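Taking it in order: structure first as C-alpha cells, then the write-up.
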Amino acid sequence: MSTQIKLGFLGAGNMGAAMMRGIAASELCKSGVITQIFAFDTDAEKCQALADVGIQPCESAQTLCDTVDYLVLAVKPQVLGSVLDTLTLRSEQVVISICAGISAEFIRSHTISNARIILCMPNTPLMLGHGATALAKCSGITDAEFSIAMQMFATCGIAEEIPETKMREIIAVNSSSPAFLYLYAKGFLDFAKNEGLDDGAALRLFTQAMIGSAKMMTDSGYTIDELIKMVSSPGGTTLAGLDQLYQGELTETVSRCCDACTTRAYELAGAERKK
C-alpha cells in the first residue's frame, strides 16, 4: 500500500461530510499522506456541497471503488448490504465502516472473502470536531494502515482502539450516549423553564456544568465516587437531590438503557448476543 493515499467516501451525509471536512483540513492532507478525497452519494448535491474543501465527486459507487485506496462506508446500515452487492472491491483496499452494528463478516459476505476492514463507531459531535470514535482493527490490516484510520478520526475529536468483538457493546457508551445525555439535560432545562429562569442563561450554565464535569472526570485524577462526594456537603442541597436520583434507581436505569441499546445492535446485525 502506497504511503500516498486516495481516500473515498461512499455516502456524503452528515457524518461523512463532517469527516471529509475535518480530514481535508488536517495534517494528513497537508503533508501529502492523503493526496485526494473522493465521494459518491445518490444525492449528487451532497458531494457538490463539499467542493469548497476540494472533495472530488465520482459518477458512481463503482467508479469510487475503482479509484481509491481507502474506502469509507458511510451509508445507513439498513441499506449497506444491497449497496455492497453491486460493488467489486479490490483485496488490497482498506475498507473503513462507520455503519452501526455491522460486522466485518457481514461486509465480506457481500463483497470479497478477504476484504481488509476497520470497524469504526463515531458519534454526532464529530460534526463539530468533538467526536468520540471507537475503532477495531480486523484481520489483515497492518499497524500502519490502522494508524492512518486513527489519525483520520482524531481530526474530528478523539479516537480509541477497542477489540473487534466489542464493537456493538461500545455503541451505548460513545455513539448513542449523546441522545441519552440530551434527554437527561432536558430534565434540568425543563425545570429551569418551569421556575421562570431565562432559557438562554440556563442552557449556557448547565452545558458549561456538563463540560466542566467531564473535564473533572478526565483531568482531576479523582474517581467518580470521589467527585460526587466533593459536591455533596452533609445535609446540603446536593444530597437532597441525589437522594431522589438514588430512589429513582438512576444508575440501574442507565444500565438497562445501555443493555437495550446493545441488544438492538445485535438484532439489527442479525446476530445472537451472548452474555
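Going by the C-alpha cells order, chains are called A, B, ..., each with residues numbered from 1, while ligands are numbered from 1 in the order shown.
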Problem set entry | Residue contacts of Lys137 (chain A) (12 Å, only C-alpha atoms) excluding same-chain residues fewer than 3 positions away, as a ChimeraX atom specification | /A:94-97,103-104,116-120,134,140-150,160-167
Keeping C-alpha atoms for every residue in the selection just given, could you write it to a file as a PDB file, in the first residue's frame?
ATOM      1  CA  VAL A  94      -8.671  -0.782   3.162  1.00  0.00           C
ATOM      2  CA  VAL A  95     -12.386  -0.675   3.922  1.00  0.00           C
ATOM      3  CA  ILE A  96     -13.461   1.542   6.830  1.00  0.00           C
ATOM      4  CA  SER A  97     -17.030   1.059   8.034  1.00  0.00           C
ATOM      5  CA  SER A 103     -19.535  -6.783  11.398  1.00  0.00           C
ATOM      6  CA  ALA A 104     -16.529  -7.493   9.225  1.00  0.00           C
ATOM      7  CA  ARG A 116      -9.469  -5.846   4.683  1.00  0.00           C
ATOM      8  CA  ILE A 117     -11.657  -3.991   7.166  1.00  0.00           C
ATOM      9  CA  ILE A 118     -11.504  -1.469  10.003  1.00  0.00           C
ATOM     10  CA  LEU A 119     -14.710  -1.101  12.012  1.00  0.00           C
ATOM     11  CA  CYS A 120     -15.482   2.336  13.477  1.00  0.00           C
ATOM     12  CA  ALA A 134     -14.079   3.689  18.693  1.00  0.00           C
ATOM     13  CA  GLY A 140      -5.339  -8.373   7.506  1.00  0.00           C
ATOM     14  CA  ILE A 141      -4.964  -4.716   8.490  1.00  0.00           C
ATOM     15  CA  THR A 142      -1.419  -3.552   9.205  1.00  0.00           C
ATOM     16  CA  ASP A 143      -0.435  -1.318  12.102  1.00  0.00           C
ATOM     17  CA  ALA A 144       0.460   1.455   9.641  1.00  0.00           C
ATOM     18  CA  GLU A 145      -2.940   1.300   7.948  1.00  0.00           C
ATOM     19  CA  PHE A 146      -4.741   1.301  11.279  1.00  0.00           C
ATOM     20  CA  SER A 147      -2.691   4.298  12.389  1.00  0.00           C
ATOM     21  CA  ILE A 148      -3.913   6.230   9.337  1.00  0.00           C
ATOM     22  CA  ALA A 149      -7.522   5.435  10.240  1.00  0.00           C
ATOM     23  CA  MET A 150      -6.957   6.509  13.848  1.00  0.00           C
ATOM     24  CA  GLU A 160      -9.729   4.919  20.795  1.00  0.00           C
ATOM     25  CA  GLU A 161      -8.941   1.335  19.805  1.00  0.00           C
ATOM     26  CA  ILE A 162     -11.193  -1.422  21.158  1.00  0.00           C
ATOM     27  CA  PRO A 163     -11.478  -5.160  20.380  1.00  0.00           C
ATOM     28  CA  GLU A 164     -13.456  -6.145  17.288  1.00  0.00           C
ATOM     29  CA  THR A 165     -15.696  -8.322  19.484  1.00  0.00           C
ATOM     30  CA  LYS A 166     -16.890  -5.268  21.462  1.00  0.00           C
ATOM     31  CA  MET A 167     -17.971  -3.004  18.597  1.00  0.00           C
TER      32      MET A 167
END
For this session: Write out as a count of residues only all residues of region 34-272 of chain A that DSSP puts in strand (DSSP E or B) for this structure's backbone.
Result: 35
Problem set entry | Near-Leu227 (chain A) list (12 Å; only C-alpha atoms; drop same-chain fewer than 5 positions) as JSON, numbers by chain | {"A": [212, 213, 214, 215, 216, 217, 218, 219, 220, 221, 222, 232, 233]}
Which residues of region 68-170 of chain A have any atom within 7 Å of an atom in region 175-188 of chain A when counting only C-alpha atoms, and what is the closest pair of atoms for each, with the distance in Å to one decimal? Order the rows by chain and rising number and write it as CSV.
residue,atom,partner,partner_atom,distance
A:Met121,CA,A:Ser175,CA,6.6
A:Pro122,CA,A:Ser175,CA,5.9
A:Asn123,CA,A:Ser175,CA,4.5
Saved selection, atoms kept: N, CA and C atoms, as a PDB file, in the first residue's frame:
ATOM      1  N   MET A 121     -16.921   3.243  15.179  1.00  0.00           N
ATOM      2  CA  MET A 121     -18.182   3.705  15.745  1.00  0.00           C
ATOM      3  C   MET A 121     -18.001   5.136  16.236  1.00  0.00           C
ATOM      4  N   PRO A 122     -18.330   6.125  15.387  1.00  0.00           N
ATOM      5  CA  PRO A 122     -18.222   7.535  15.789  1.00  0.00           C
ATOM      6  C   PRO A 122     -19.522   8.019  16.432  1.00  0.00           C
ATOM      7  N   ASN A 123     -19.572   9.288  16.806  1.00  0.00           N
ATOM      8  CA  ASN A 123     -20.832   9.879  17.271  1.00  0.00           C
ATOM      9  C   ASN A 123     -21.037  11.245  16.623  1.00  0.00           C
TER      10      ASN A 123
END
For this session: Would you kindly return, as a ChimeraX atom specification, each protein, DNA or RNA residue with an atom no farther than 12 Å from any atom of Val83 (chain A), considering only C-alpha atoms and excluding same-chain residues fewer than 2 positions away?
Result: /A:10-11,41-42,60-62,73-81,85-88,107,110-111
Problem set entry | Every residue of region 129-268 of chain A that DSSP places in helix (DSSP H, G or I), as an MDAnalysis selection string | chainID A and resid 143:154 164:166 171:175 177:194 199:219 224:231 237:247 250:268
Problem set entry | Polymer residues at most 9 Å from region 253-269 of chain A, only C-alpha atoms, same-chain spacing of 2 or more positions, as a list in words | Pro77, Gln78, Ala100, Gly101, Ile102, Ser103, Phe106, Arg168, Glu169, Ile170, Ile171, Ala172, Val173, Ser176, Ser177, Phe180, Gly248, Glu249, Leu250, Thr251, Ala271, Glu272 and Arg273 of chain A
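A straight line drawn from CA of Leu189 (chain A) to CA of Phe206 (chain A) is 7.9 Å long.
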